[in-house]
Amino acid sequence: VEYVDYLKAAYNAAKSVDPKAVIIAAGLSGNGIDMGFEPEGSTQFLQRFYDAGALGYYDALSVHPYLHPSQGIAGLQYHIDATQAVMTANNDSSPLWLGEIGWSTTEDAWGQPTVSSSEVFDWAALIYGQLTGVEGVFWYNFIDKGDEPNNADHNFGLIDVDLVPKAGFDKYI
C-alpha cells in the first residue's frame with residue numbers, strides 16, 4: 001500500500017511535467033508471484049499491488065526474474081506467463097519489462113552450480129531471441145561491478161571490469 005501511494009504521487013508529478021514520460025512500476029523481485037526467492041511476505045505481491053490501486057499509475061510493469069540458466073527458457077517462460085496471467089486477471093494491458101535479468105559467473109553463486117561466461121551468453125541469446133510476453137529486457141550488468149572473483153554481484157557483466165569481453169561475447173553482438 002505504501003509503495004502504491006508513492007507510485008501514484010510520482011506518476012502524477014512526472015506526468016504533470018512531461019505527459020510523455022514513461023513510468024515503470026515496481027521492479028518486482030522474481031516475477032512478483034511465486035519464484036521462491038522473493039523477500040519474506042512478498043509472495044503474491046503483484047496481486048496486492050493491484051488490490052492497493054496501482055493500475056493506471058504506470059506505463060509498464062517491471063519484474064526481475066533471475067533464474068539459473070539451467071532452468072532453460074521454458075522455465076523462465078513459465079514464470080513470465082504466470083505474471084502475465086495475474087496482469088490479465090486485473091485488466092492490466094500494460095507492457096511487461098524485465099528490468100533486470102542475468103546470472104553471475106562466480107563459483108557457487110547463491111548455492112547454484114557454476115555457469116561459464118559462454119553459458120551466460122547462451123542464456124542471453126535465449127532470453128532475447130525466444131522469450132515471449134515481454135516488451136523490454138535489460139541485462140544486469142554489461143560490465144562487471146568489481147574484480148572480486150568470489151563476489152557474485154561483481155561478476156554479472158558481459159565484459160570484465162577491465163573492459164575485456166568475456167568468452168562468448170561474440171554470441172551477444
# chains A, B, ... in the order shown; residues from 1 in each chain; ligands from 1

$ select_by_dssp --residues "chain A" --states "strand (DSSP E or B)" --output "JSON, numbers by chain"
{"A": [24, 25, 26, 27, 28, 29, 30, 60, 61, 62, 63, 64, 96, 97, 98, 99, 100, 101, 136, 137, 138, 139, 143, 159, 165]}

$ residues_around --residues "range 111-123 of chain A" --least-positions-apart "3" --cutoff "12 Å" --atoms "only C-alpha atoms" --output "MDAnalysis selection string"
chainID A and resid 66:76 101:108 126:131 139:142 144 150 152 155:160 165:173

$ write_last_selection --atoms "C-alpha atoms" --output "mmCIF file, in the first residue's frame"
data_model
loop_
_atom_site.group_PDB
_atom_site.id
_atom_site.type_symbol
_atom_site.label_atom_id
_atom_site.label_comp_id
_atom_site.auth_asym_id
_atom_site.auth_seq_id
_atom_site.Cartn_x
_atom_site.Cartn_y
_atom_site.Cartn_z
ATOM 1 C CA TYR A 66 16.611 -14.126 -12.020
ATOM 2 C CA LEU A 67 16.554 -17.801 -12.866
ATOM 3 C CA HIS A 68 19.519 -20.143 -13.122
ATOM 4 C CA PRO A 69 20.257 -20.722 -16.822
ATOM 5 C CA SER A 70 19.922 -24.484 -16.335
ATOM 6 C CA GLN A 71 16.171 -23.917 -15.840
ATOM 7 C CA GLY A 72 16.043 -23.079 -19.535
ATOM 8 C CA ILE A 73 13.867 -20.706 -21.469
ATOM 9 C CA ALA A 74 10.789 -22.861 -20.773
ATOM 10 C CA GLY A 75 11.300 -22.364 -17.030
ATOM 11 C CA LEU A 76 11.609 -18.620 -17.433
ATOM 12 C CA ILE A 101 17.939 -10.338 -15.665
ATOM 13 C CA GLY A 102 21.258 -12.137 -15.908
ATOM 14 C CA TRP A 103 23.448 -14.560 -13.994
ATOM 15 C CA SER A 104 26.779 -14.403 -12.210
ATOM 16 C CA THR A 105 29.771 -16.454 -13.300
ATOM 17 C CA THR A 106 31.033 -16.689 -9.714
ATOM 18 C CA GLU A 107 31.539 -20.206 -8.443
ATOM 19 C CA ASP A 108 28.694 -21.317 -6.200
ATOM 20 C CA LEU A 126 17.642 -17.434 -25.491
ATOM 21 C CA ILE A 127 16.119 -14.585 -23.496
ATOM 22 C CA TYR A 128 16.499 -12.017 -26.249
ATOM 23 C CA GLY A 129 15.604 -14.456 -29.033
ATOM 24 C CA GLN A 130 12.887 -16.754 -27.697
ATOM 25 C CA LEU A 131 11.201 -15.299 -24.616
ATOM 26 C CA TRP A 139 20.635 -7.250 -18.836
ATOM 27 C CA TYR A 140 22.275 -6.899 -15.424
ATOM 28 C CA ASN A 141 25.153 -5.837 -15.869
ATOM 29 C CA PHE A 142 27.029 -5.057 -19.055
ATOM 30 C CA ASP A 144 31.379 -6.465 -14.048
ATOM 31 C CA ASN A 150 34.140 -14.828 -5.191
ATOM 32 C CA ALA A 152 28.606 -12.985 -7.061
ATOM 33 C CA ASN A 155 30.536 -10.988 -11.837
ATOM 34 C CA PHE A 156 27.319 -10.428 -13.769
ATOM 35 C CA GLY A 157 28.952 -8.463 -16.564
ATOM 36 C CA LEU A 158 29.292 -9.426 -20.180
ATOM 37 C CA ILE A 159 32.698 -7.776 -20.137
ATOM 38 C CA ASP A 160 35.075 -7.757 -17.216
ATOM 39 C CA PRO A 165 34.897 -9.001 -23.385
ATOM 40 C CA LYS A 166 34.307 -12.343 -21.704
ATOM 41 C CA ALA A 167 34.469 -15.671 -23.535
ATOM 42 C CA GLY A 168 31.376 -15.985 -25.709
ATOM 43 C CA PHE A 169 30.847 -12.227 -26.176
ATOM 44 C CA ASP A 170 30.576 -12.757 -29.930
ATOM 45 C CA LYS A 171 27.249 -14.550 -29.232
ATOM 46 C CA TYR A 172 25.867 -11.327 -27.746
ATOM 47 C CA ILE A 173 26.732 -8.951 -30.524
#

$ closest_residue --among "A:Tyr58, A:Tyr11, A:Tyr78, A:Tyr3" --to "Phe45 in chain A" --atoms "only C-alpha atoms"
A:Tyr3

$ atom_distance --atom1 "CA of Leu61 in chain A" --atom2 "CA of Ala124 in chain A"
20.7 Å

$ residues_around --residues "range 24-33 of chain A" --least-positions-apart "2" --cutoff "6 Å" --atoms "only C-alpha atoms" --output "list in words"
Met35, Glu38, Thr43, Gln44, Phe45, Leu46, Tyr58, Asp59, Ala60, Leu61, Ser62, Val63, His64, Pro65 and Thr83 of chain A

$ residues_around --residues "Tyr50 in chain A" --least-positions-apart "3" --cutoff "10 Å" --atoms "only C-alpha atoms" --output "list of chain:residue names"
A:Val1, A:Val4, A:Phe45, A:Leu46, A:Gln47, A:Gly53, A:Ala54, A:Leu55, A:Gly56, A:Val86, A:Met87, A:Asn90, A:Asn91, A:Asp92
